[in-house]
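Q: As input, take final-v3.cif (mmCIF, C-alpha atoms):
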data_data
loop_
_atom_site.label_atom_id
_atom_site.label_comp_id
_atom_site.auth_asym_id
_atom_site.auth_seq_id
_atom_site.Cartn_x
_atom_site.Cartn_y
_atom_site.Cartn_z
CA MET A 30 13.10 13.49 -22.68
CA THR A 31 11.49 11.51 -25.44
CA ASP A 32 14.03 11.45 -28.24
CA GLN A 33 17.48 10.02 -28.68
CA GLU A 34 19.28 13.39 -28.74
CA ASN A 35 18.18 14.01 -25.16
CA MET A 36 19.14 10.61 -23.80
CA PRO A 37 22.05 10.40 -21.35
CA GLN A 38 25.51 10.07 -22.96
CA GLY A 39 27.38 6.79 -22.59
CA ARG A 40 24.25 4.63 -22.64
CA SER A 41 23.10 2.54 -25.56
CA HIS A 42 19.41 3.48 -25.73
CA ARG A 43 17.04 2.42 -28.41
CA ILE A 44 13.32 2.93 -28.70
CA LYS A 45 11.39 -0.21 -29.45
CA ASP A 46 7.76 -0.90 -29.94
CA LEU A 47 5.88 -4.08 -29.02
CA GLY A 48 2.40 -3.66 -30.43
CA GLY A 49 2.58 0.09 -29.80
CA ARG A 50 4.36 -0.11 -26.40
CA VAL A 51 7.33 2.14 -25.75
CA ARG A 52 10.58 0.94 -24.27
CA SER A 53 13.85 2.51 -23.26
CA LEU A 54 16.45 -0.22 -23.59
CA THR A 55 19.90 -0.64 -22.10
CA ARG A 56 21.92 -3.75 -22.89
CA ALA A 57 20.08 -5.53 -20.11
CA ARG A 58 16.71 -4.93 -21.73
CA GLN A 59 17.96 -6.48 -24.98
CA LYS A 60 18.09 -9.80 -23.10
CA PHE A 61 14.30 -9.84 -23.31
CA GLU A 62 14.78 -10.12 -27.11
CA MET A 63 12.24 -7.43 -27.91
CA PRO A 64 11.73 -6.66 -31.62
CA ASN A 65 12.95 -3.43 -33.18
CA ALA A 66 10.85 -0.36 -33.99
CA GLU A 67 11.56 3.14 -35.12
CA SER A 68 9.39 5.42 -32.99
CA PRO A 69 7.30 5.46 -29.83
CA ASN A 70 3.57 4.95 -29.96
CA PRO A 71 2.15 4.66 -26.45
CA GLN A 72 -1.43 3.97 -27.48
CA SER A 73 -1.49 0.48 -25.97
CA GLY A 74 -0.26 1.55 -22.54
CA LEU A 75 2.45 0.02 -20.39
CA LYS A 76 3.19 -3.51 -19.22
CA ILE A 77 3.93 -3.32 -15.50
CA VAL A 78 4.99 -6.03 -13.07
CA ILE A 79 4.09 -5.74 -9.38
CA ALA A 80 5.97 -8.31 -7.28
CA THR A 81 4.54 -8.77 -3.79
CA ASP A 82 4.68 -11.29 -0.95
CA ALA A 83 1.53 -9.74 0.54
CA TRP A 84 -1.61 -10.78 -1.32
CA LYS A 85 -5.11 -12.11 -1.00
CA PRO A 86 -6.71 -13.50 1.12
CA GLN A 87 -4.77 -11.25 3.50
CA LEU A 88 -6.75 -8.23 4.65
CA ASN A 89 -4.36 -5.31 5.08
CA GLY A 90 -3.41 -1.95 3.62
CA VAL A 91 -0.63 -3.33 1.42
CA VAL A 92 -2.93 -5.77 -0.37
CA THR A 93 -5.68 -3.16 -0.73
CA THR A 94 -3.21 -0.60 -2.09
CA LEU A 95 -1.65 -2.92 -4.67
CA ASP A 96 -4.98 -4.39 -5.77
CA THR A 97 -6.54 -0.95 -6.23
CA LEU A 98 -3.45 0.35 -8.03
CA GLY A 99 -3.67 -2.49 -10.53
CA ARG A 100 -7.37 -1.87 -11.16
CA ILE A 101 -6.77 1.84 -11.75
CA LEU A 102 -3.82 1.22 -14.10
CA THR A 103 -5.85 -1.36 -16.02
CA LYS A 104 -8.75 1.08 -16.27
CA PHE A 105 -6.45 3.48 -18.11
CA GLY A 106 -5.45 0.77 -20.61
CA ASN A 107 -2.27 -0.65 -19.06
CA GLU A 108 -1.48 -4.32 -18.48
CA VAL A 109 -0.47 -5.39 -14.96
CA LEU A 110 1.10 -8.71 -13.99
CA TYR A 111 1.11 -9.54 -10.29
CA ILE A 112 3.71 -11.99 -9.01
CA THR A 113 2.30 -13.26 -5.71
CA PRO A 114 2.44 -16.28 -3.37
CA GLN A 115 -0.52 -17.70 -5.29
CA ASP A 116 1.95 -18.52 -8.09
CA PHE A 117 4.19 -20.71 -5.88
CA LYS A 118 4.29 -23.46 -3.33
CA SER A 119 4.38 -21.72 0.02
CA ILE A 120 4.42 -22.25 3.75
CA PRO A 121 2.85 -20.13 6.50
CA MET A 122 5.12 -17.60 8.13
CA PRO A 123 6.05 -18.64 11.68
CA THR A 124 3.89 -16.75 14.25
CA TYR A 125 1.75 -15.31 11.42
CA SER A 126 0.08 -18.06 9.39
CA GLU A 127 -1.90 -15.67 7.15
CA ILE A 128 1.33 -14.59 5.47
CA ARG A 129 2.61 -17.17 2.99
CA LEU A 130 6.33 -17.53 2.30
CA SER A 131 6.97 -18.69 -1.26
CA LEU A 132 9.42 -21.57 -1.62
CA PHE A 133 12.31 -21.37 -4.10
CA PRO A 134 10.72 -18.72 -6.34
CA ASN A 135 13.83 -17.65 -8.28
CA ARG A 136 13.43 -19.76 -11.41
CA LYS A 137 9.70 -19.23 -11.85
CA VAL A 138 9.99 -15.46 -11.20
CA ALA A 139 12.62 -15.27 -13.95
CA SER A 140 10.41 -17.27 -16.31
CA MET A 141 7.38 -15.05 -15.64
CA LEU A 142 9.38 -11.87 -16.24
CA ASN A 143 10.99 -13.19 -19.44
CA LYS A 144 7.60 -14.24 -20.78
CA PHE A 145 5.78 -11.01 -19.87
CA LYS A 146 8.51 -8.65 -21.16
CA PRO A 147 7.56 -5.73 -18.90
CA ASP A 148 8.16 -2.04 -19.41
CA ALA A 149 8.60 -1.53 -15.69
CA ILE A 150 9.08 -3.71 -12.60
CA HIS A 151 7.95 -2.65 -9.15
CA ILE A 152 8.92 -4.65 -6.06
CA ALA A 153 6.45 -3.99 -3.26
CA THR A 154 7.73 -6.23 -0.45
CA GLU A 155 10.99 -7.54 0.95
CA GLY A 156 10.02 -11.24 1.23
CA PRO A 157 11.00 -14.23 -0.94
CA ILE A 158 9.17 -12.99 -4.05
CA GLY A 159 10.56 -9.48 -3.67
CA ARG A 160 14.06 -10.86 -3.23
CA ALA A 161 13.74 -13.21 -6.22
CA THR A 162 12.56 -10.33 -8.42
CA ARG A 163 15.35 -8.08 -7.13
CA ARG A 164 17.88 -10.85 -7.84
CA PHE A 165 16.62 -11.15 -11.43
CA CYS A 166 16.80 -7.40 -11.99
CA ARG A 167 20.27 -7.02 -10.53
CA ARG A 168 21.65 -9.93 -12.54
CA ARG A 169 20.18 -8.49 -15.74
CA LYS A 170 21.03 -4.90 -14.77
CA TYR A 171 17.33 -4.24 -15.29
CA PRO A 172 16.02 -1.08 -13.56
CA TYR A 173 13.30 -1.45 -10.95
CA THR A 174 11.52 0.51 -8.23
CA THR A 175 10.54 -0.54 -4.71
CA SER A 176 8.15 0.71 -2.06
CA PHE A 177 8.24 0.88 1.74
CA HIS A 178 4.90 -0.34 3.07
CA THR A 179 5.54 -2.01 6.40
CA ARG A 180 7.71 -1.45 9.46
CA PHE A 181 9.13 -4.95 9.48
CA ALA A 182 11.94 -3.87 11.80
CA GLU A 183 9.48 -2.92 14.53
CA TYR A 184 7.23 -5.92 13.82
CA ALA A 185 10.15 -8.36 14.06
CA HIS A 186 11.26 -6.70 17.29
CA GLU A 187 7.76 -7.01 18.80
CA ARG A 188 7.54 -10.70 17.89
CA THR A 189 11.09 -11.97 18.36
CA GLY A 190 13.17 -9.30 20.06
CA PHE A 191 15.27 -8.89 16.89
CA PRO A 192 17.04 -5.50 17.26
CA ILE A 193 15.29 -2.70 15.39
CA SER A 194 18.59 -1.31 14.13
CA TRP A 195 19.44 -4.66 12.53
CA GLY A 196 16.03 -4.79 10.90
CA TYR A 197 16.48 -1.37 9.34
CA ALA A 198 19.97 -2.32 8.15
CA LEU A 199 18.46 -5.26 6.26
CA LEU A 200 15.69 -3.09 4.81
CA LYS A 201 18.14 -0.40 3.73
CA ASP A 202 20.30 -3.00 1.99
CA PHE A 203 17.25 -4.40 0.18
CA HIS A 204 16.09 -1.05 -1.20
CA LYS A 205 19.41 0.63 -1.96
CA HIS A 206 19.85 -0.60 -5.55
CA GLY A 207 16.43 0.41 -6.84
CA GLU A 208 15.96 3.49 -9.02
CA ALA A 209 13.55 4.88 -6.39
CA MET A 210 11.87 3.75 -3.17
CA MET A 211 8.27 4.96 -2.95
CA VAL A 212 7.06 6.13 0.48
CA ALA A 213 3.53 7.06 1.59
CA THR A 214 4.03 10.36 3.46
CA PRO A 215 6.51 13.26 3.68
CA GLY A 216 6.90 12.58 7.40
CA LEU A 217 7.94 9.00 6.76
CA ILE A 218 10.41 10.14 4.09
CA GLU A 219 11.98 12.46 6.66
CA GLU A 220 12.13 9.67 9.24
CA LEU A 221 13.68 7.13 6.85
CA SER A 222 16.16 9.71 5.59
CA GLY A 223 17.38 10.00 9.16
CA ARG A 224 17.96 6.22 9.12
CA GLY A 225 20.11 6.49 5.99
CA PHE A 226 17.61 5.59 3.25
CA GLU A 227 18.11 7.35 -0.10
CA ASN A 228 16.41 7.78 -3.49
CA MET A 229 12.95 8.15 -1.95
CA ARG A 230 9.90 9.45 -3.77
CA LEU A 231 6.46 10.29 -2.44
CA TRP A 232 3.66 7.89 -3.38
CA GLU A 233 0.57 9.00 -1.50
CA ARG A 234 -2.30 6.61 -0.89
CA GLY A 235 -5.85 6.86 -2.11
CA VAL A 236 -9.14 5.17 -1.43
CA ASP A 237 -11.82 3.92 -3.79
CA THR A 238 -14.57 6.31 -2.75
CA ASP A 239 -17.04 4.62 -5.10
CA GLN A 240 -16.70 1.44 -3.09
CA PHE A 241 -16.23 2.99 0.34
CA ARG A 242 -19.21 5.26 0.90
CA PRO A 243 -21.94 5.67 3.53
CA LEU A 244 -24.48 2.86 3.35
CA ASP A 245 -27.66 2.08 5.23
CA SER A 246 -26.53 -0.81 7.41
CA ASP A 247 -28.12 -2.97 10.06
CA VAL A 248 -25.24 -5.44 10.58
CA LEU A 249 -24.66 -4.15 14.13
CA LYS A 250 -28.26 -3.19 14.90
CA ASP A 251 -28.50 -5.40 18.00
CA LEU A 252 -25.45 -3.91 19.74
CA PRO A 253 -25.66 -1.12 22.32
CA ARG A 254 -24.55 2.22 20.94
CA PRO A 255 -22.24 3.99 20.48
CA ILE A 256 -20.18 1.50 18.48
CA PHE A 257 -16.39 1.80 18.38
CA THR A 258 -14.85 -0.30 15.57
CA TYR A 259 -11.39 -1.43 14.50
CA VAL A 260 -10.69 -2.97 11.06
CA GLY A 261 -7.46 -4.76 10.22
CA ARG A 262 -5.01 -7.42 11.34
CA ILE A 263 -5.37 -8.78 14.83
CA ALA A 264 -1.70 -8.83 15.72
CA VAL A 265 0.56 -7.70 18.54
CA GLU A 266 2.04 -4.81 16.56
CA LYS A 267 -1.43 -3.22 16.28
CA THR A 268 -1.54 -2.70 20.09
CA LEU A 269 -5.23 -3.57 20.11
CA GLU A 270 -5.22 -4.00 23.88
CA ASP A 271 -4.80 -0.23 24.18
CA PHE A 272 -8.27 0.01 22.62
CA LEU A 273 -9.85 -3.02 24.24
CA ASP A 274 -8.77 -1.98 27.74
CA LEU A 275 -10.59 1.36 27.46
CA ASP A 276 -13.66 2.05 29.56
CA LEU A 277 -16.00 3.20 26.79
CA PRO A 278 -19.80 3.32 26.56
CA GLY A 279 -21.64 1.08 24.12
CA SER A 280 -19.87 -1.67 22.16
CA LYS A 281 -16.46 -2.53 20.74
CA VAL A 282 -16.22 -4.35 17.39
CA ILE A 283 -13.17 -5.96 15.77
CA VAL A 284 -13.30 -6.71 12.03
CA GLY A 285 -10.45 -8.87 10.77
CA ALA A 286 -8.29 -11.84 11.72
CA GLY A 287 -4.75 -12.55 12.78
CA PRO A 288 -2.41 -14.45 15.09
CA GLN A 289 -3.57 -12.68 18.26
CA GLU A 290 -7.26 -13.31 17.68
CA ALA A 291 -7.70 -16.39 19.88
CA GLU A 292 -5.84 -14.73 22.75
CA LEU A 293 -7.88 -11.53 22.58
CA ARG A 294 -11.20 -13.35 22.18
CA GLN A 295 -10.50 -15.19 25.43
CA LYS A 296 -9.23 -12.10 27.26
CA TYR A 297 -12.07 -9.79 26.13
CA PRO A 298 -15.31 -11.83 25.97
CA ALA A 299 -17.48 -8.70 25.81
CA VAL A 300 -15.83 -7.52 22.56
CA HIS A 301 -17.54 -8.48 19.30
CA PHE A 302 -15.11 -10.23 16.93
CA VAL A 303 -16.89 -10.54 13.57
CA GLY A 304 -14.10 -11.98 11.39
CA LYS A 305 -12.93 -10.88 7.96
CA HIS A 306 -15.22 -8.99 5.62
CA PHE A 307 -14.65 -7.61 2.14
CA GLY A 308 -16.39 -5.40 -0.40
CA ASP A 309 -19.82 -4.08 0.54
CA ASP A 310 -19.92 -6.34 3.59
CA LEU A 311 -16.92 -4.48 4.97
CA VAL A 312 -18.44 -1.13 4.01
CA LYS A 313 -21.55 -2.03 6.01
CA TYR A 314 -19.47 -2.56 9.15
CA TYR A 315 -17.77 0.81 8.68
CA SER A 316 -21.12 2.51 8.03
CA ALA A 317 -22.76 0.94 11.08
CA SER A 318 -20.06 2.33 13.39
CA ASP A 319 -19.97 5.60 15.29
CA VAL A 320 -16.17 5.91 15.66
CA PHE A 321 -13.28 4.13 13.97
CA VAL A 322 -10.47 3.41 16.44
CA PHE A 323 -6.90 2.96 15.20
CA PRO A 324 -4.58 2.10 18.13
CA SER A 325 -1.50 1.18 16.08
CA ARG A 326 1.70 3.20 16.54
CA THR A 327 3.71 1.38 13.86
CA ASP A 328 1.80 1.69 10.57
CA THR A 329 3.34 3.64 7.72
CA PHE A 330 -0.03 5.10 6.71
CA GLY A 331 -3.17 3.26 7.86
CA LEU A 332 -5.39 3.12 4.77
CA VAL A 333 -8.30 1.88 6.90
CA ASN A 334 -8.54 5.36 8.42
CA VAL A 335 -9.37 6.84 5.02
CA GLU A 336 -11.80 4.00 4.27
CA ALA A 337 -13.64 4.81 7.51
CA LEU A 338 -13.73 8.53 6.69
CA ALA A 339 -15.10 7.72 3.23
CA CYS A 340 -17.97 5.90 4.94
CA GLY A 341 -18.70 8.97 7.07
CA VAL A 342 -17.04 7.67 10.27
CA PRO A 343 -14.60 9.79 12.32
CA VAL A 344 -11.19 8.45 13.39
CA ALA A 345 -9.77 8.16 16.92
CA SER A 346 -6.04 7.47 17.07
CA TYR A 347 -2.73 8.32 18.61
CA PRO A 348 -0.92 11.31 17.03
CA VAL A 349 1.55 9.16 15.06
CA ARG A 350 2.72 8.77 11.46
CA GLY A 351 -0.19 8.00 9.17
CA PRO A 352 -3.11 9.37 11.18
CA LEU A 353 -1.21 12.64 11.63
CA GLU A 354 -0.84 13.06 7.86
CA ILE A 355 -4.38 11.85 7.12
CA LEU A 356 -6.06 14.26 9.55
CA ALA A 357 -3.57 17.14 9.23
CA ASP A 358 -5.83 19.28 7.03
CA ALA A 359 -9.14 17.70 8.02
CA PRO A 360 -12.09 19.95 8.91
CA PRO A 361 -13.74 19.68 12.36
CA GLY A 362 -15.78 16.53 12.86
CA CYS A 363 -13.37 14.10 11.18
CA GLY A 364 -11.90 12.69 14.37
CA CYS A 365 -9.39 13.27 17.11
CA LEU A 366 -5.74 12.39 17.75
CA ASP A 367 -4.62 12.23 21.37
CA GLU A 368 -2.05 10.38 23.46
CA ASP A 369 -5.00 9.51 25.71
CA LEU A 370 -6.86 7.13 23.40
CA LYS A 371 -10.07 7.33 25.44
CA THR A 372 -10.07 11.12 25.03
CA ALA A 373 -9.58 10.64 21.29
CA CYS A 374 -12.51 8.20 21.15
CA MET A 375 -14.93 10.35 23.12
CA THR A 376 -13.97 13.59 21.34
CA ALA A 377 -14.39 11.91 17.93
CA LEU A 378 -17.81 10.66 19.04
CA GLU A 379 -19.01 14.00 20.42
CA THR A 380 -17.83 16.10 17.47
CA ARG A 381 -18.47 13.68 14.60
CA ASP A 382 -19.69 15.08 11.31
CA PRO A 383 -20.30 12.34 8.70
CA GLU A 384 -20.49 14.83 5.81
CA ALA A 385 -17.14 16.39 6.77
CA CYS A 386 -15.60 12.91 7.03
CA ARG A 387 -16.80 12.00 3.56
CA ALA A 388 -15.67 15.30 2.03
CA HIS A 389 -12.18 14.91 3.51
CA ALA A 390 -11.87 11.34 2.23
CA LEU A 391 -12.65 12.56 -1.29
CA THR A 392 -9.36 14.50 -1.25
CA PHE A 393 -7.52 11.14 -1.29
CA SER A 394 -7.87 10.43 -5.00
CA TRP A 395 -6.74 7.03 -6.30
CA ASP A 396 -6.40 8.34 -9.84
CA ALA A 397 -3.92 10.94 -8.55
CA ALA A 398 -2.10 8.29 -6.51
CA ALA A 399 -1.82 6.03 -9.56
CA ARG A 400 -0.42 8.91 -11.65
CA GLN A 401 2.10 9.56 -8.91
CA PHE A 402 3.13 5.90 -8.99
CA ILE A 403 3.65 6.02 -12.76
CA ALA A 404 5.61 9.29 -12.55
CA ASN A 405 7.88 7.65 -9.96
CA LEU A 406 8.91 4.75 -12.21
CA GLU A 407 12.12 6.64 -12.98
CA ILE A 408 13.38 4.21 -15.59
CA PRO A 409 16.64 5.60 -17.05
CA GLY A 410 16.30 7.46 -20.31
CA PHE A 411 12.91 9.15 -19.98
CA ASP A 412 11.23 11.59 -17.60
CA ASP A 413 7.96 11.29 -15.70
CA GLN A 414 5.94 12.96 -18.47
CA PHE A 415 7.05 10.22 -20.87
CA TRP A 416 5.84 7.49 -18.52
CA LEU A 417 2.54 9.24 -17.86
CA ARG A 418 1.92 9.57 -21.60
CA SER A 419 2.87 5.92 -22.12
CA ALA A 420 0.50 4.85 -19.36
CA LYS A 421 -2.22 7.05 -20.92
CA MET A 422 -2.50 8.98 -17.65
CA ILE A 423 -1.40 12.39 -18.88
CA GLU A 424 -4.95 13.75 -19.02
CA ASP A 425 -4.51 15.54 -15.69
CA PRO A 426 -1.80 18.18 -16.21
CA ILE A 427 -1.47 18.82 -12.47
CA LEU A 428 0.64 16.13 -10.86
CA PRO A 429 0.77 15.53 -7.11
CA THR A 430 3.76 17.14 -5.45
#
For the file at hand, write its structure as structure tokens.
A:
Amino acid sequence: MTDQENMPQGRSHRIKDLGGRVRSLTRARQKFEMPNAESPNPQSGLKIVIATDAWKPQLNGVVTTLDTLGRILTKFGNEVLYITPQDFKSIPMPTYSEIRLSLFPNRKVASMLNKFKPDAIHIATEGPIGRATRRFCRRRKYPYTTSFHTRFAEYAHERTGFPISWGYALLKDFHKHGEAMMVATPGLIEELSGRGFENMRLWERGVDTDQFRPLDSDVLKDLPRPIFTYVGRIAVEKTLEDFLDLDLPGSKVIVGAGPQEAELRQKYPAVHFVGKHFGDDLVKYYSASDVFVFPSRTDTFGLVNVEALACGVPVASYPVRGPLEILADAPPGCGCLDEDLKTACMTALETRDPEACRAHALTFSWDAAARQFIANLEIPGFDDQFWLRSAKMIEDPILPT
């Protein structure tokens, strides 16, 4: 719907234009004091807020996803404002110092939103910034979307013993007022539906295959081969000991940092911990590896698996959410899923096909994922085609299903 005749009855909708931007306004949106206009003209794209408690210098799938999404949306001519812990005084999260908890963000979040005058607000995390943004939206009756990135219920249980059912009750309460909650895979949607979550929409993940690609690399040239590598947080919920305890030939490499690093370094002196790496440095570690090992059972997706595939490296993992969806339609040579992680590692090594890995990774398009995100905005008054046109992302007539 793009005209006033087709707008829902009982709502006071007006179309307004800020320098060519299109807005559907309820009474709440009038509180932003946007100027009047007669007709939509989406040539300048959308103004989108992404509120997240997870941000750089963290190295994880959430940060990578949100950073890449913003770059893709900007490439198409949209304007993205991130609200992150970098904008606030913060303290390290107990037991996980890499995560910063913003202090008293409510007033500044409101000021940033009022100044930016967004077309759409997306809340990516359930921490202090996410809650401050949600509070603003609910007080103003301003529509917003959320996304489910992390199994905080399981993570909190692993670290503190906090009951998983209580954790999911808190998460469900956080997400229930949004217009839609975006979820990475159909399997996860089914699982969360069973826990009572509603209003879910699929937002599949992509990888920047221009950045993540096979490179000539000598960063691990002095290590005995084959090389089995893990990339990501070094934390208890990643069950890294399942990998590090394995009797495997060659070398084991851990790329990343986290609260369990000191403990694991001491416990496994033969393992090569190389710290955090980004950009082409990270790509070189992927490319120098023979098998990528992903021992986590609690990730919602596991974007690092697709990054490894894009670099021509097969994946060894348990058959759990994320890896199951990533490798479901993969050709032979892309890896192995097995409840015996050593079997998965050795099978992935023996059957690896770098060209097949790369070809499969190319099916995870970030442009398609960004279009899916825009189509999911679900702001009252207009359909997904309206938002795609406004975001200048309507060029591809075939939307992900």
Q: Counting only C-alpha atoms, which of A:Asp310, A:Asp276, A:Asp148, A:Asp328 gets nearest to Cys374 in chain A?
A: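 Using only C-alpha atoms, Cys374 in chain A sits closest to A:Asp276.
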Q: Taking into account all atoms listed in the file, which residue in the set A:Phe105, A:Tyr259, A:Phe177, A:Tyr297 is nearest to Val91 in chain A?
A: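 Smallest separation from Val91 in chain A among the options: A:Phe177.
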Q: As JSON, numbers by chain, please: the residues near Arg294 in chain A (cut-off 12 Å, only C-alpha atoms, same-chain neighbours under 5 positions excluded).
A: {"A": [263, 269, 270, 273, 282, 283, 286, 287, 288, 289, 299, 300, 301, 302, 303, 304]}
Q: Quick one: of A:Val92, A:Val248, A:Leu231, A:Ala198, who's nearest to Thr179 in chain A, counting all atoms listed in the file?
A: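 Among A:Val92, A:Val248, A:Leu231, A:Ala198, it is A:Val92 that comes nearest to Thr179 in chain A.
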Q: Using only C-alpha atoms, which of A:Arg129, A:Lys371, A:Arg326, A:Lys118 sits nearest Ala83 in chain A?
A: A:Arg129
Q: Could you give me, as a list in words, the residues within 10 Å of Glu379 in chain A, counting all atoms listed in the file and dropping anything in the same chain fewer than 3 positions from it?
A: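 Returned residues: Asp319, Val320, Gly362, Gly364, Cys374, Met375, Thr376 and Asp382 of chain A.
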Q: With C-alpha atoms retained, could you export that selection as a compact mmCIF listing (two decimals), keeping the file's coordinate frame?
A:
# COMPACT_ATOMS: atom_id res chain seq x y z
CA ASP A 319 -19.97 5.60 15.29
CA VAL A 320 -16.17 5.91 15.66
CA GLY A 362 -15.78 16.53 12.86
CA GLY A 364 -11.90 12.69 14.37
CA CYS A 374 -12.51 8.20 21.15
CA MET A 375 -14.93 10.35 23.12
CA THR A 376 -13.97 13.59 21.34
CA ASP A 382 -19.69 15.08 11.31
Q: For the structure provided, state which residues fall under the PyMOL selection byres ((chain A and resi 88) around 12), and present them as JSON, numbers by chain.
A: {"A": [83, 84, 85, 86, 87, 89, 90, 91, 92, 93, 94, 95, 96, 127, 128, 260, 261, 262, 263, 284, 285, 286, 287, 304, 305, 306, 307, 308, 311, 332, 333]}
Q: Tell me, as a list in words, which residues lie within 6 Å of Pro243 in chain A, counting all atoms listed in the file; anything in the same chain fewer than 2 positions away does not count.
A: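 Using all atoms listed in the file, the neighbours found are Ser316, Cys340 and Gly341 of chain A.
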Q: How would you write, as a ChimeraX atom specification, the residues chosen by the PyMOL selection byres ((chain A and resi 370) around 9) on this structure?
A: /A:271-272,275,322,324,345-347,366-369,371-375
Q: Could those residues be written to a file, using C-alpha atoms, as a PDB file, in the frame of the given file?
A:
ATOM      1  CA  ASP A 271      -4.800  -0.230  24.180  1.00  0.00           C
ATOM      2  CA  PHE A 272      -8.270   0.010  22.620  1.00  0.00           C
ATOM      3  CA  LEU A 275     -10.590   1.360  27.460  1.00  0.00           C
ATOM      4  CA  VAL A 322     -10.470   3.410  16.440  1.00  0.00           C
ATOM      5  CA  PRO A 324      -4.580   2.100  18.130  1.00  0.00           C
ATOM      6  CA  ALA A 345      -9.770   8.160  16.920  1.00  0.00           C
ATOM      7  CA  SER A 346      -6.040   7.470  17.070  1.00  0.00           C
ATOM      8  CA  TYR A 347      -2.730   8.320  18.610  1.00  0.00           C
ATOM      9  CA  LEU A 366      -5.740  12.390  17.750  1.00  0.00           C
ATOM     10  CA  ASP A 367      -4.620  12.230  21.370  1.00  0.00           C
ATOM     11  CA  GLU A 368      -2.050  10.380  23.460  1.00  0.00           C
ATOM     12  CA  ASP A 369      -5.000   9.510  25.710  1.00  0.00           C
ATOM     13  CA  LYS A 371     -10.070   7.330  25.440  1.00  0.00           C
ATOM     14  CA  THR A 372     -10.070  11.120  25.030  1.00  0.00           C
ATOM     15  CA  ALA A 373      -9.580  10.640  21.290  1.00  0.00           C
ATOM     16  CA  CYS A 374     -12.510   8.200  21.150  1.00  0.00           C
ATOM     17  CA  MET A 375     -14.930  10.350  23.120  1.00  0.00           C
TER      18      MET A 375
END
Q: Tell me which of A:Val138, A:Arg180, A:Ala339, A:Leu75 sits closest to Glu220 in chain A, counting all atoms listed in the file.
A: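 Ranked by minimum distance to Glu220 in chain A, first place goes to A:Arg180.
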Q: List the spatial neighbours of Met210 in chain A as number ranges by chain - criterion: any atom at most 7 Å away, all atoms listed in the file, same-chain residues fewer than 3 positions off excluded.
A: A: 174-177, 204, 207, 228-230
Q: What is the distance, in Å and to one decimal place, between CA of Gly225 in chain A and CA of Ala357 in chain A?
A: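 Between these atoms lies a distance of 26.2 Å.
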Q: Which one is closest to Phe203 in chain A: A:Gly190, A:Gly159, A:Pro114, A:Pro215? Count only C-alpha atoms.
A: A:Gly159
Q: If I take CA of Gly99 in chain A and CA of Asp358 in chain A, how far is one from the other in Å, to one decimal?
A: 28.1 Å
